[in-house]
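Q: What follows is start.tsv, made up of TSV, C-alpha atoms:
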```
chain	number	residue	atom	x	y	z
A	1	MET	CA	-21.91	-14.09	2.41
A	2	SER	CA	-18.47	-12.61	2.13
A	3	ASP	CA	-16.82	-10.63	4.90
A	4	PRO	CA	-17.57	-6.92	4.77
A	5	VAL	CA	-14.93	-4.85	3.03
A	6	THR	CA	-12.86	-2.56	5.20
A	7	ILE	CA	-12.37	0.84	3.62
A	8	HIS	CA	-9.51	2.82	5.12
A	9	ILE	CA	-9.63	6.50	4.25
A	10	CYS	CA	-6.91	9.03	4.89
A	11	THR	CA	-8.49	12.02	6.59
A	12	SER	CA	-5.22	14.00	6.48
A	13	CYS	CA	-5.11	14.18	2.68
A	14	ARG	CA	-5.27	17.70	1.32
A	15	ALA	CA	-6.25	18.54	-2.24
A	16	GLU	CA	-3.82	20.76	-4.12
A	17	GLY	CA	-3.72	24.22	-2.58
A	18	GLU	CA	-5.79	23.35	0.49
A	19	ALA	CA	-4.87	24.87	3.84
A	20	LEU	CA	-3.54	22.77	6.71
A	21	GLU	CA	-6.32	23.98	8.98
A	22	PRO	CA	-9.10	23.44	9.75
A	23	ARG	CA	-8.50	19.73	9.43
A	24	GLU	CA	-12.16	18.96	8.88
A	25	ALA	CA	-12.06	21.05	5.69
A	26	ARG	CA	-9.35	18.86	4.17
A	27	ALA	CA	-10.39	16.75	1.19
A	28	GLY	CA	-9.74	13.57	3.18
A	29	SER	CA	-12.10	14.60	5.96
A	30	ARG	CA	-14.71	15.80	3.49
A	31	LEU	CA	-14.57	12.54	1.55
A	32	HIS	CA	-14.80	10.59	4.80
A	33	ALA	CA	-18.02	12.45	5.62
A	34	ALA	CA	-19.41	11.92	2.11
A	35	LEU	CA	-18.52	8.25	2.22
A	36	THR	CA	-20.16	7.74	5.60
A	37	ASP	CA	-23.29	9.47	4.34
A	38	ALA	CA	-23.42	7.43	1.16
A	39	ALA	CA	-22.80	4.17	3.01
A	40	GLY	CA	-25.78	4.88	5.25
A	41	GLN	CA	-28.19	5.02	2.33
A	42	ASP	CA	-30.53	2.22	1.33
A	43	GLY	CA	-28.94	-0.26	-1.01
A	44	ALA	CA	-25.37	0.69	-0.10
A	45	PRO	CA	-23.02	-2.26	0.26
A	46	SER	CA	-21.98	-3.42	3.72
A	47	VAL	CA	-18.63	-1.82	4.48
A	48	ARG	CA	-16.55	-0.81	7.49
A	49	ILE	CA	-15.22	2.71	7.04
A	50	ILE	CA	-12.12	3.44	9.11
A	51	PRO	CA	-10.63	6.94	9.10
A	52	VAL	CA	-6.82	6.96	9.21
A	53	ASP	CA	-4.69	9.87	10.35
A	54	CYS	CA	-2.25	9.70	7.40
A	55	MET	CA	-1.63	6.80	5.06
A	56	SER	CA	1.69	8.35	3.96
A	57	VAL	CA	0.82	8.79	0.31
A	58	CYS	CA	0.17	12.56	0.37
A	59	LYS	CA	0.86	13.22	-3.31
A	60	ARG	CA	-2.26	11.51	-4.60
A	61	PRO	CA	-5.15	12.72	-2.43
A	62	VAL	CA	-7.47	11.31	-1.32
A	63	THR	CA	-6.07	7.87	-0.51
A	64	VAL	CA	-8.29	4.88	0.22
A	65	GLY	CA	-7.58	1.20	0.99
A	66	PHE	CA	-9.75	-1.85	0.37
A	67	SER	CA	-9.13	-4.96	2.43
A	68	ALA	CA	-10.89	-8.12	3.57
A	69	PRO	CA	-9.73	-11.42	5.04
A	70	GLY	CA	-8.15	-13.71	2.46
A	71	LYS	CA	-8.06	-11.09	-0.27
A	72	TRP	CA	-5.52	-8.85	-1.92
A	73	THR	CA	-5.32	-5.40	-0.31
A	74	TYR	CA	-5.54	-2.45	-2.69
A	75	VAL	CA	-4.55	1.17	-2.11
A	76	TYR	CA	-6.03	3.77	-4.43
A	77	GLY	CA	-5.62	7.52	-4.69
A	78	ASP	CA	-6.70	10.59	-6.66
A	79	PHE	CA	-10.20	10.73	-5.18
A	80	ALA	CA	-9.98	14.51	-4.77
A	81	ASN	CA	-10.20	14.86	-8.56
A	82	GLU	CA	-13.99	14.69	-8.55
A	83	PRO	CA	-16.77	16.09	-6.36
A	84	MET	CA	-16.87	14.22	-3.05
A	85	ASP	CA	-20.30	12.66	-3.63
A	86	VAL	CA	-19.11	11.30	-6.97
A	87	SER	CA	-15.94	9.86	-5.43
A	88	ALA	CA	-17.92	8.38	-2.54
A	89	ALA	CA	-20.24	6.61	-5.00
A	90	THR	CA	-17.26	5.32	-6.99
A	91	ILE	CA	-15.61	3.97	-3.83
A	92	LEU	CA	-18.76	2.17	-2.72
A	93	ASP	CA	-19.23	0.74	-6.20
A	94	GLY	CA	-15.63	-0.48	-6.12
A	95	ALA	CA	-16.07	-1.91	-2.64
A	96	ALA	CA	-19.14	-3.87	-3.76
A	97	ARG	CA	-17.19	-5.29	-6.71
A	98	PHE	CA	-14.26	-6.10	-4.41
A	99	ALA	CA	-16.64	-7.84	-1.99
A	100	ALA	CA	-18.02	-9.92	-4.85
A	101	THR	CA	-14.61	-11.41	-5.69
A	102	ASP	CA	-13.03	-14.40	-3.99
A	103	ASP	CA	-9.54	-12.91	-4.01
A	104	GLY	CA	-9.91	-9.14	-4.23
A	105	LEU	CA	-8.97	-9.03	-7.91
A	106	ILE	CA	-11.73	-7.11	-9.69
A	107	PRO	CA	-11.71	-8.03	-13.39
A	108	TRP	CA	-10.16	-5.15	-15.33
A	109	LYS	CA	-13.19	-4.54	-17.56
A	110	GLU	CA	-15.46	-4.20	-14.52
A	111	ARG	CA	-13.35	-1.63	-12.74
A	112	PRO	CA	-14.60	1.92	-12.51
A	113	GLN	CA	-12.18	4.19	-14.38
A	114	ALA	CA	-10.97	5.70	-11.09
A	115	LEU	CA	-9.85	2.24	-9.93
A	116	LYS	CA	-7.94	1.68	-13.15
A	117	LYS	CA	-6.04	4.94	-13.02
A	118	GLY	CA	-5.87	5.45	-9.27
A	119	VAL	CA	-4.07	2.32	-8.10
A	120	ILE	CA	-1.14	3.11	-5.81
A	121	ALA	CA	-0.14	-0.34	-4.59
A	122	ARG	CA	-1.47	-3.80	-3.81
A	123	LEU	CA	-0.42	-6.57	-1.46
A	124	PRO	CA	-1.36	-10.25	-1.53
A	125	PRO	CA	-3.53	-11.82	1.17
A	126	ALA	CA	-1.79	-12.56	4.46
A	127	ALA	CA	-0.65	-16.18	4.28
B	1	MET	CA	9.52	-13.01	20.62
B	2	SER	CA	7.61	-11.09	18.02
B	3	ASP	CA	6.14	-12.67	14.90
B	4	PRO	CA	8.54	-12.78	11.98
B	5	VAL	CA	8.17	-9.93	9.54
B	6	THR	CA	6.75	-10.75	6.14
B	7	ILE	CA	8.62	-9.01	3.35
B	8	HIS	CA	6.73	-8.91	0.08
B	9	ILE	CA	8.91	-8.08	-2.88
B	10	CYS	CA	7.72	-7.26	-6.38
B	11	THR	CA	9.67	-9.40	-8.81
B	12	SER	CA	8.10	-7.69	-11.83
B	13	CYS	CA	9.63	-4.29	-11.08
B	14	ARG	CA	11.98	-3.04	-13.78
B	15	ALA	CA	14.58	-0.36	-13.23
B	16	GLU	CA	14.47	2.52	-15.70
B	17	GLY	CA	15.41	1.34	-19.17
B	18	GLU	CA	15.37	-2.37	-18.35
B	19	ALA	CA	14.03	-4.82	-20.90
B	20	LEU	CA	10.83	-6.78	-20.30
B	21	GLU	CA	12.67	-10.08	-20.84
B	22	PRO	CA	14.27	-12.08	-19.43
B	23	ARG	CA	12.17	-11.65	-16.32
B	24	GLU	CA	14.91	-12.92	-14.02
B	25	ALA	CA	17.09	-9.99	-15.11
B	26	ARG	CA	14.56	-7.44	-13.88
B	27	ALA	CA	15.58	-5.39	-10.86
B	28	GLY	CA	12.79	-6.94	-8.80
B	29	SER	CA	13.98	-10.48	-9.47
B	30	ARG	CA	17.59	-9.51	-8.85
B	31	LEU	CA	16.72	-7.85	-5.56
B	32	HIS	CA	14.66	-10.87	-4.56
B	33	ALA	CA	17.73	-13.06	-5.11
B	34	ALA	CA	20.00	-10.66	-3.20
B	35	LEU	CA	17.52	-10.45	-0.36
B	36	THR	CA	17.18	-14.23	-0.10
B	37	ASP	CA	20.97	-14.57	-0.06
B	38	ALA	CA	21.39	-11.88	2.60
B	39	ALA	CA	18.61	-13.34	4.76
B	40	GLY	CA	20.37	-16.69	4.77
B	41	GLN	CA	23.50	-15.29	6.35
B	42	ASP	CA	24.41	-15.62	10.01
B	43	GLY	CA	22.94	-12.88	12.14
B	44	ALA	CA	20.24	-11.94	9.63
B	45	PRO	CA	16.84	-11.24	11.21
B	46	SER	CA	14.09	-13.81	10.93
B	47	VAL	CA	11.91	-12.84	7.99
B	48	ARG	CA	9.55	-14.45	5.51
B	49	ILE	CA	10.35	-13.31	1.98
B	50	ILE	CA	7.44	-13.64	-0.42
B	51	PRO	CA	7.93	-12.81	-4.10
B	52	VAL	CA	4.92	-11.10	-5.68
B	53	ASP	CA	4.18	-10.99	-9.38
B	54	CYS	CA	3.37	-7.25	-9.47
B	55	MET	CA	2.46	-4.98	-6.59
B	56	SER	CA	1.03	-2.39	-9.03
B	57	VAL	CA	3.40	0.42	-8.13
B	58	CYS	CA	5.66	0.18	-11.21
B	59	LYS	CA	6.93	3.78	-11.15
B	60	ARG	CA	9.10	3.37	-8.05
B	61	PRO	CA	11.05	0.14	-8.49
B	62	VAL	CA	11.73	-2.01	-6.59
B	63	THR	CA	8.69	-2.16	-4.34
B	64	VAL	CA	8.72	-3.96	-1.00
B	65	GLY	CA	6.11	-4.41	1.75
B	66	PHE	CA	6.61	-5.01	5.48
B	67	SER	CA	3.81	-6.63	7.45
B	68	ALA	CA	3.23	-8.59	10.64
B	69	PRO	CA	0.14	-9.44	12.71
B	70	GLY	CA	-1.12	-6.49	14.75
B	71	LYS	CA	1.17	-3.95	13.08
B	72	TRP	CA	0.90	-1.22	10.50
B	73	THR	CA	1.73	-2.42	6.98
B	74	TYR	CA	4.27	-0.34	5.08
B	75	VAL	CA	4.97	-0.25	1.35
B	76	TYR	CA	8.31	1.17	0.24
B	77	GLY	CA	9.87	1.71	-3.17
B	78	ASP	CA	12.95	3.04	-4.94
B	79	PHE	CA	15.16	0.07	-4.03
B	80	ALA	CA	16.62	-0.04	-7.54
B	81	ASN	CA	18.48	3.20	-6.80
B	82	GLU	CA	21.38	1.38	-5.11
B	83	PRO	CA	23.30	-1.82	-5.80
B	84	MET	CA	21.18	-4.84	-4.94
B	85	ASP	CA	23.35	-6.01	-2.05
B	86	VAL	CA	23.12	-2.55	-0.48
B	87	SER	CA	19.34	-2.45	-0.89
B	88	ALA	CA	19.02	-5.98	0.49
B	89	ALA	CA	20.98	-4.99	3.60
B	90	THR	CA	18.85	-1.87	4.04
B	91	ILE	CA	15.65	-3.91	3.76
B	92	LEU	CA	16.81	-6.45	6.35
B	93	ASP	CA	17.91	-3.65	8.67
B	94	GLY	CA	14.48	-2.05	8.26
B	95	ALA	CA	12.74	-5.39	8.84
B	96	ALA	CA	14.67	-5.91	12.08
B	97	ARG	CA	13.66	-2.43	13.28
B	98	PHE	CA	10.05	-3.10	12.22
B	99	ALA	CA	10.11	-6.42	14.12
B	100	ALA	CA	11.36	-4.63	17.22
B	101	THR	CA	8.33	-2.32	17.37
B	102	ASP	CA	4.98	-3.15	18.94
B	103	ASP	CA	2.96	-1.44	16.24
B	104	GLY	CA	5.14	-1.29	13.12
B	105	LEU	CA	5.93	2.40	13.56
B	106	ILE	CA	9.72	2.73	13.43
B	107	PRO	CA	10.77	5.95	15.17
B	108	TRP	CA	11.70	8.49	12.50
B	109	LYS	CA	15.26	9.01	13.74
B	110	GLU	CA	15.97	5.29	13.59
B	111	ARG	CA	14.81	4.82	10.03
B	112	PRO	CA	17.37	4.14	7.34
B	113	GLN	CA	17.32	7.01	4.85
B	114	ALA	CA	15.77	4.74	2.21
B	115	LEU	CA	12.78	4.14	4.51
B	116	LYS	CA	12.32	7.87	5.03
B	117	LYS	CA	12.33	8.77	1.36
B	118	GLY	CA	10.93	5.55	-0.08
B	119	VAL	CA	7.57	5.27	1.63
B	120	ILE	CA	4.71	4.69	-0.80
B	121	ALA	CA	1.80	3.98	1.53
B	122	ARG	CA	0.88	2.53	4.89
B	123	LEU	CA	-2.20	0.87	6.33
B	124	PRO	CA	-3.18	0.36	9.97
B	125	PRO	CA	-3.31	-3.11	11.53
B	126	ALA	CA	-6.34	-5.20	10.65
B	127	ALA	CA	-8.87	-4.63	13.42
```
Can I see the file as structure tokens?

A:
Amino acid sequence: MSDPVTIHICTSCRAEGEALEPREARAGSRLHAALTDAAGQDGAPSVRIIPVDCMSVCKRPVTVGFSAPGKWTYVYGDFANEPMDVSAATILDGAARFAATDDGLIPWKERPQALKKGVIARLPPAA
Amino acid sequence: MSDPVTIHICTSCRAEGEALEPREARAGSRLHAALTDAAGQDGAPSVRIIPVDCMSVCKRPVTVGFSAPGKWTYVYGDFANEPMDVSAATILDGAARFAATDDGLIPWKERPQALKKGVIARLPPAA
């Protein structure tokens, strides 16, 4: 068994045109709720979902990070471009594929489209 | 004493208009060389410099990451906007300030301008 994937999600992210308040109506908070719901369903991969009060990306909402011991860390964005339940399913699919790798590098052909287009940055495993 | 800061630097980054080859002429490789030189000088902060073959940012060359155990990880870009020796000095100054924090959060007023404008993403400490 591999370590569970940690999914960081920026709850401060606002979709284009969204108001500052209420904070729980922001795309980041709404995606966090959708992700938590989806992760609680039968068959969902084992993940740790950690809300973050700003991941400093801002221009590509919603921002999400995948990490696990010994693996590359990936930061993705643009998850406000689809309905929240669709993005939540994509993130969990990506997390399962990330968990299945030894190094965090999901083969290109296997990546959901959102993980091809949405990459913001990556960092190698801590050494 | 705090742990030394790990500086990841993307050696694949190309400044606008730069050729693909030779790879050692790319801005990322040139900044890596300048950074290694600067870090070897007397009085330079203790850092680990790790070249990375692509950090998947690409649009904001050169990309650099700061990390250390128990601290926020920061990814910065735009270090091809100044001469390489200037950027190298800025990065080492930033790394020293990062090392001096408990959590990786450099107070805003203390940040070099390049670390205010150049932030790409951040992630909380592994928990």

Q: Excluding segment 9-19 of chain A and any residue of its chain fewer than 5 positions from it, enumerate the residues within 7 Å of it, using only C-alpha atoms, and give them as a PyMOL selection string.

A: chain A and resi 26-29+32+50-55+58+61-65+80

Q: Write out chain A, as a PDB file with C-alpha atoms, in the frame of the given file, after superposing it onto chain B by least squares using every C-alpha atom paired in order.

A:
```
ATOM      1  CA  MET A   1       9.501 -13.004  20.624  1.00  0.00           C
ATOM      2  CA  SER A   2       7.623 -11.073  18.007  1.00  0.00           C
ATOM      3  CA  ASP A   3       6.150 -12.657  14.903  1.00  0.00           C
ATOM      4  CA  PRO A   4       8.546 -12.771  11.973  1.00  0.00           C
ATOM      5  CA  VAL A   5       8.164  -9.916   9.526  1.00  0.00           C
ATOM      6  CA  THR A   6       6.751 -10.762   6.131  1.00  0.00           C
ATOM      7  CA  ILE A   7       8.616  -9.023   3.340  1.00  0.00           C
ATOM      8  CA  HIS A   8       6.710  -8.916   0.068  1.00  0.00           C
ATOM      9  CA  ILE A   9       8.898  -8.081  -2.903  1.00  0.00           C
ATOM     10  CA  CYS A  10       7.709  -7.265  -6.386  1.00  0.00           C
ATOM     11  CA  THR A  11       9.674  -9.408  -8.809  1.00  0.00           C
ATOM     12  CA  SER A  12       8.097  -7.690 -11.841  1.00  0.00           C
ATOM     13  CA  CYS A  13       9.632  -4.290 -11.086  1.00  0.00           C
ATOM     14  CA  ARG A  14      11.974  -3.049 -13.777  1.00  0.00           C
ATOM     15  CA  ALA A  15      14.578  -0.355 -13.226  1.00  0.00           C
ATOM     16  CA  GLU A  16      14.488   2.528 -15.684  1.00  0.00           C
ATOM     17  CA  GLY A  17      15.425   1.340 -19.157  1.00  0.00           C
ATOM     18  CA  GLU A  18      15.392  -2.372 -18.332  1.00  0.00           C
ATOM     19  CA  ALA A  19      14.038  -4.829 -20.883  1.00  0.00           C
ATOM     20  CA  LEU A  20      10.843  -6.793 -20.293  1.00  0.00           C
ATOM     21  CA  GLU A  21      12.674 -10.068 -20.811  1.00  0.00           C
ATOM     22  CA  PRO A  22      14.282 -12.084 -19.410  1.00  0.00           C
ATOM     23  CA  ARG A  23      12.185 -11.645 -16.306  1.00  0.00           C
ATOM     24  CA  GLU A  24      14.907 -12.926 -14.017  1.00  0.00           C
ATOM     25  CA  ALA A  25      17.108 -10.002 -15.093  1.00  0.00           C
ATOM     26  CA  ARG A  26      14.564  -7.453 -13.874  1.00  0.00           C
ATOM     27  CA  ALA A  27      15.584  -5.399 -10.848  1.00  0.00           C
ATOM     28  CA  GLY A  28      12.765  -6.950  -8.812  1.00  0.00           C
ATOM     29  CA  SER A  29      13.976 -10.480  -9.468  1.00  0.00           C
ATOM     30  CA  ARG A  30      17.585  -9.506  -8.852  1.00  0.00           C
ATOM     31  CA  LEU A  31      16.715  -7.846  -5.551  1.00  0.00           C
ATOM     32  CA  HIS A  32      14.658 -10.880  -4.560  1.00  0.00           C
ATOM     33  CA  ALA A  33      17.727 -13.067  -5.108  1.00  0.00           C
ATOM     34  CA  ALA A  34      19.983 -10.659  -3.198  1.00  0.00           C
ATOM     35  CA  LEU A  35      17.504 -10.459  -0.354  1.00  0.00           C
ATOM     36  CA  THR A  36      17.180 -14.227  -0.096  1.00  0.00           C
ATOM     37  CA  ASP A  37      20.958 -14.547  -0.041  1.00  0.00           C
ATOM     38  CA  ALA A  38      21.379 -11.882   2.607  1.00  0.00           C
ATOM     39  CA  ALA A  39      18.602 -13.327   4.761  1.00  0.00           C
ATOM     40  CA  GLY A  40      20.365 -16.687   4.772  1.00  0.00           C
ATOM     41  CA  GLN A  41      23.497 -15.260   6.354  1.00  0.00           C
ATOM     42  CA  ASP A  42      24.406 -15.588  10.012  1.00  0.00           C
ATOM     43  CA  GLY A  43      22.934 -12.860  12.144  1.00  0.00           C
ATOM     44  CA  ALA A  44      20.222 -11.932   9.641  1.00  0.00           C
ATOM     45  CA  PRO A  45      16.840 -11.234  11.201  1.00  0.00           C
ATOM     46  CA  SER A  46      14.079 -13.822  10.932  1.00  0.00           C
ATOM     47  CA  VAL A  47      11.908 -12.844   7.984  1.00  0.00           C
ATOM     48  CA  ARG A  48       9.542 -14.468   5.500  1.00  0.00           C
ATOM     49  CA  ILE A  49      10.350 -13.320   1.980  1.00  0.00           C
ATOM     50  CA  ILE A  50       7.433 -13.643  -0.432  1.00  0.00           C
ATOM     51  CA  PRO A  51       7.929 -12.806  -4.109  1.00  0.00           C
ATOM     52  CA  VAL A  52       4.912 -11.092  -5.688  1.00  0.00           C
ATOM     53  CA  ASP A  53       4.163 -10.983  -9.394  1.00  0.00           C
ATOM     54  CA  CYS A  54       3.365  -7.236  -9.483  1.00  0.00           C
ATOM     55  CA  MET A  55       2.452  -4.983  -6.591  1.00  0.00           C
ATOM     56  CA  SER A  56       1.033  -2.386  -9.015  1.00  0.00           C
ATOM     57  CA  VAL A  57       3.397   0.425  -8.133  1.00  0.00           C
ATOM     58  CA  CYS A  58       5.667   0.194 -11.204  1.00  0.00           C
ATOM     59  CA  LYS A  59       6.927   3.780 -11.136  1.00  0.00           C
ATOM     60  CA  ARG A  60       9.080   3.373  -8.050  1.00  0.00           C
ATOM     61  CA  PRO A  61      11.038   0.134  -8.499  1.00  0.00           C
ATOM     62  CA  VAL A  62      11.737  -1.992  -6.603  1.00  0.00           C
ATOM     63  CA  THR A  63       8.685  -2.158  -4.343  1.00  0.00           C
ATOM     64  CA  VAL A  64       8.711  -3.957  -1.002  1.00  0.00           C
ATOM     65  CA  GLY A  65       6.102  -4.423   1.757  1.00  0.00           C
ATOM     66  CA  PHE A  66       6.606  -5.013   5.471  1.00  0.00           C
ATOM     67  CA  SER A  67       3.815  -6.637   7.440  1.00  0.00           C
ATOM     68  CA  ALA A  68       3.235  -8.584  10.642  1.00  0.00           C
ATOM     69  CA  PRO A  69       0.171  -9.439  12.709  1.00  0.00           C
ATOM     70  CA  GLY A  70      -1.107  -6.499  14.738  1.00  0.00           C
ATOM     71  CA  LYS A  71       1.166  -3.965  13.084  1.00  0.00           C
ATOM     72  CA  TRP A  72       0.906  -1.231  10.506  1.00  0.00           C
ATOM     73  CA  THR A  73       1.733  -2.433   6.983  1.00  0.00           C
ATOM     74  CA  TYR A  74       4.264  -0.344   5.075  1.00  0.00           C
ATOM     75  CA  VAL A  75       4.969  -0.259   1.344  1.00  0.00           C
ATOM     76  CA  TYR A  76       8.296   1.167   0.236  1.00  0.00           C
ATOM     77  CA  GLY A  77       9.857   1.720  -3.164  1.00  0.00           C
ATOM     78  CA  ASP A  78      12.952   3.044  -4.935  1.00  0.00           C
ATOM     79  CA  PHE A  79      15.159   0.085  -4.022  1.00  0.00           C
ATOM     80  CA  ALA A  80      16.611  -0.041  -7.540  1.00  0.00           C
ATOM     81  CA  ASN A  81      18.481   3.199  -6.805  1.00  0.00           C
ATOM     82  CA  GLU A  82      21.362   1.385  -5.133  1.00  0.00           C
ATOM     83  CA  PRO A  83      23.315  -1.814  -5.797  1.00  0.00           C
ATOM     84  CA  MET A  84      21.170  -4.836  -4.945  1.00  0.00           C
ATOM     85  CA  ASP A  85      23.350  -6.009  -2.045  1.00  0.00           C
ATOM     86  CA  VAL A  86      23.125  -2.553  -0.486  1.00  0.00           C
ATOM     87  CA  SER A  87      19.340  -2.451  -0.883  1.00  0.00           C
ATOM     88  CA  ALA A  88      19.020  -5.984   0.489  1.00  0.00           C
ATOM     89  CA  ALA A  89      20.992  -4.983   3.600  1.00  0.00           C
ATOM     90  CA  THR A  90      18.853  -1.862   4.037  1.00  0.00           C
ATOM     91  CA  ILE A  91      15.645  -3.904   3.765  1.00  0.00           C
ATOM     92  CA  LEU A  92      16.809  -6.438   6.338  1.00  0.00           C
ATOM     93  CA  ASP A  93      17.906  -3.650   8.662  1.00  0.00           C
ATOM     94  CA  GLY A  94      14.479  -2.052   8.266  1.00  0.00           C
ATOM     95  CA  ALA A  95      12.740  -5.371   8.826  1.00  0.00           C
ATOM     96  CA  ALA A  96      14.667  -5.911  12.068  1.00  0.00           C
ATOM     97  CA  ARG A  97      13.661  -2.440  13.276  1.00  0.00           C
ATOM     98  CA  PHE A  98      10.055  -3.099  12.230  1.00  0.00           C
ATOM     99  CA  ALA A  99      10.115  -6.417  14.110  1.00  0.00           C
ATOM    100  CA  ALA A 100      11.366  -4.629  17.217  1.00  0.00           C
ATOM    101  CA  THR A 101       8.331  -2.322  17.367  1.00  0.00           C
ATOM    102  CA  ASP A 102       4.992  -3.169  18.934  1.00  0.00           C
ATOM    103  CA  ASP A 103       2.974  -1.442  16.223  1.00  0.00           C
ATOM    104  CA  GLY A 104       5.138  -1.295  13.110  1.00  0.00           C
ATOM    105  CA  LEU A 105       5.942   2.391  13.561  1.00  0.00           C
ATOM    106  CA  ILE A 106       9.731   2.711  13.431  1.00  0.00           C
ATOM    107  CA  PRO A 107      10.775   5.943  15.164  1.00  0.00           C
ATOM    108  CA  TRP A 108      11.710   8.484  12.494  1.00  0.00           C
ATOM    109  CA  LYS A 109      15.271   9.026  13.738  1.00  0.00           C
ATOM    110  CA  GLU A 110      15.980   5.287  13.587  1.00  0.00           C
ATOM    111  CA  ARG A 111      14.826   4.812  10.028  1.00  0.00           C
ATOM    112  CA  PRO A 112      17.393   4.138   7.349  1.00  0.00           C
ATOM    113  CA  GLN A 113      17.330   7.010   4.848  1.00  0.00           C
ATOM    114  CA  ALA A 114      15.768   4.744   2.203  1.00  0.00           C
ATOM    115  CA  LEU A 115      12.784   4.137   4.505  1.00  0.00           C
ATOM    116  CA  LYS A 116      12.326   7.856   5.040  1.00  0.00           C
ATOM    117  CA  LYS A 117      12.330   8.756   1.374  1.00  0.00           C
ATOM    118  CA  GLY A 118      10.923   5.557  -0.088  1.00  0.00           C
ATOM    119  CA  VAL A 119       7.559   5.276   1.648  1.00  0.00           C
ATOM    120  CA  ILE A 120       4.715   4.681  -0.804  1.00  0.00           C
ATOM    121  CA  ALA A 121       1.806   3.964   1.523  1.00  0.00           C
ATOM    122  CA  ARG A 122       0.893   2.528   4.907  1.00  0.00           C
ATOM    123  CA  LEU A 123      -2.191   0.865   6.330  1.00  0.00           C
ATOM    124  CA  PRO A 124      -3.170   0.354   9.965  1.00  0.00           C
ATOM    125  CA  PRO A 125      -3.306  -3.105  11.540  1.00  0.00           C
ATOM    126  CA  ALA A 126      -6.348  -5.197  10.663  1.00  0.00           C
ATOM    127  CA  ALA A 127      -8.882  -4.622  13.435  1.00  0.00           C
TER     128      ALA A 127
END
```

Q: Using all atoms listed in the file, which residues sit within 7 Å of Thr73 of chain B once same-chain residues fewer than 2 positions away are excluded, as a ChimeraX atom specification?

A: /B:66-67,71,75,122-125

Q: Just the residues within 6 Å of segment 97-107 of chain A, please, counting only C-alpha atoms, with nothing from its chain fewer than 2 positions along; format it as a short mmCIF file (atom, residue, chain, number, x, y, z; two decimals) with C-alpha atoms, in the coordinates of the input.

A:
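The resulting out_0.cif:
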```
data_model
loop_
_atom_site.label_atom_id
_atom_site.label_comp_id
_atom_site.auth_asym_id
_atom_site.auth_seq_id
_atom_site.Cartn_x
_atom_site.Cartn_y
_atom_site.Cartn_z
CA LYS A 71 -8.06 -11.09 -0.27
CA TRP A 72 -5.52 -8.85 -1.92
CA GLY A 94 -15.63 -0.48 -6.12
CA ALA A 95 -16.07 -1.91 -2.64
CA LYS A 109 -13.19 -4.54 -17.56
CA GLU A 110 -15.46 -4.20 -14.52
#
```

Q: Which one is closest to Gly77 of chain A: A:Thr90, A:Ala34, A:Ile120, A:Gly40? Count all atoms listed in the file.

A: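 Among the listed residues, the smallest separation from Gly77 of chain A belongs to A:Ile120.
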
Q: So, with only C-alpha atoms as the atoms that count, which of A:Gln113, A:Ser46, A:Thr36, A:Ser56 lies closest to chain B?

A: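 Answer, going by the shortest atom-to-atom distance: A:Ser56.
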
Q: Check the smallest atom-to-atom distance from each of B:Ala38, B:Val86, B:Ala114, B:Val57 to chain A using all atoms listed in the file, then report the winner.

A: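 So, comparing all the options, the nearest one is B:Val57.
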
Q: Enter the distance from atom CA of Ala39 of chain B to atom CA of Phe79 of chain B, in Å, rounded to one decimal.

A: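 Distance between the two atoms: 16.4 Å.
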
Q: Rounded to one decimal, what separation in Å do you get between atom CA of Lys117 of chain A and atom CA of Pro45 of chain A?

A: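 About the pair atom CA of Lys117 of chain A and atom CA of Pro45 of chain A: they are 22.7 Å apart.
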
Q: Please report the interatomic distance between atom CA of Tyr76 of chain A and atom CA of Leu92 of chain A in Å with one decimal.

A: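 Between these atoms lies a distance of 12.9 Å.
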
Q: Name all residues at most 7 Å from segment 68-70 of chain B (count all atoms listed in the file; drop same-chain ones fewer than 6 positions away) and give them as a list in words.

A: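 Counting all atoms listed in the file, the residues come to Asp3, Pro4, Val5, Thr6, Asp103, Pro125 and Ala126 of chain B.
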
Q: Point out the residue among B:Ile49, B:Ala89, B:Ala33, B:Ala44 with the least atom-to-atom distance to chain A, counting only C-alpha atoms.

A: B:Ile49

Q: If I wrap all listed atoms of segment 79-84 of chain B in a box with edges along x, y and z and add 8 Å on each side, what are its centre and edge lengths in Å to one decimal, as AutoDock Vina command-line options?

A:
```
--center_x 19.2 --center_y -0.8 --center_z -5.8 --size_x 24.1 --size_y 24.0 --size_z 19.5
```

Q: Ranking A:Pro112, A:Asp42, A:Val119, A:Arg60 by minimum distance to Asn81 of chain A and counting all atoms listed in the file, which one comes first?

A: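 Closest residue, counting all atoms listed in the file: A:Arg60.
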
Q: With only C-alpha atoms as the atoms that count, which of B:His8, B:Ala88, B:Lys116, B:Arg23 lies nearest to chain A?

A: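 Checking each of B:His8, B:Ala88, B:Lys116, B:Arg23 against chain A, counting only C-alpha atoms, the winner is B:His8.
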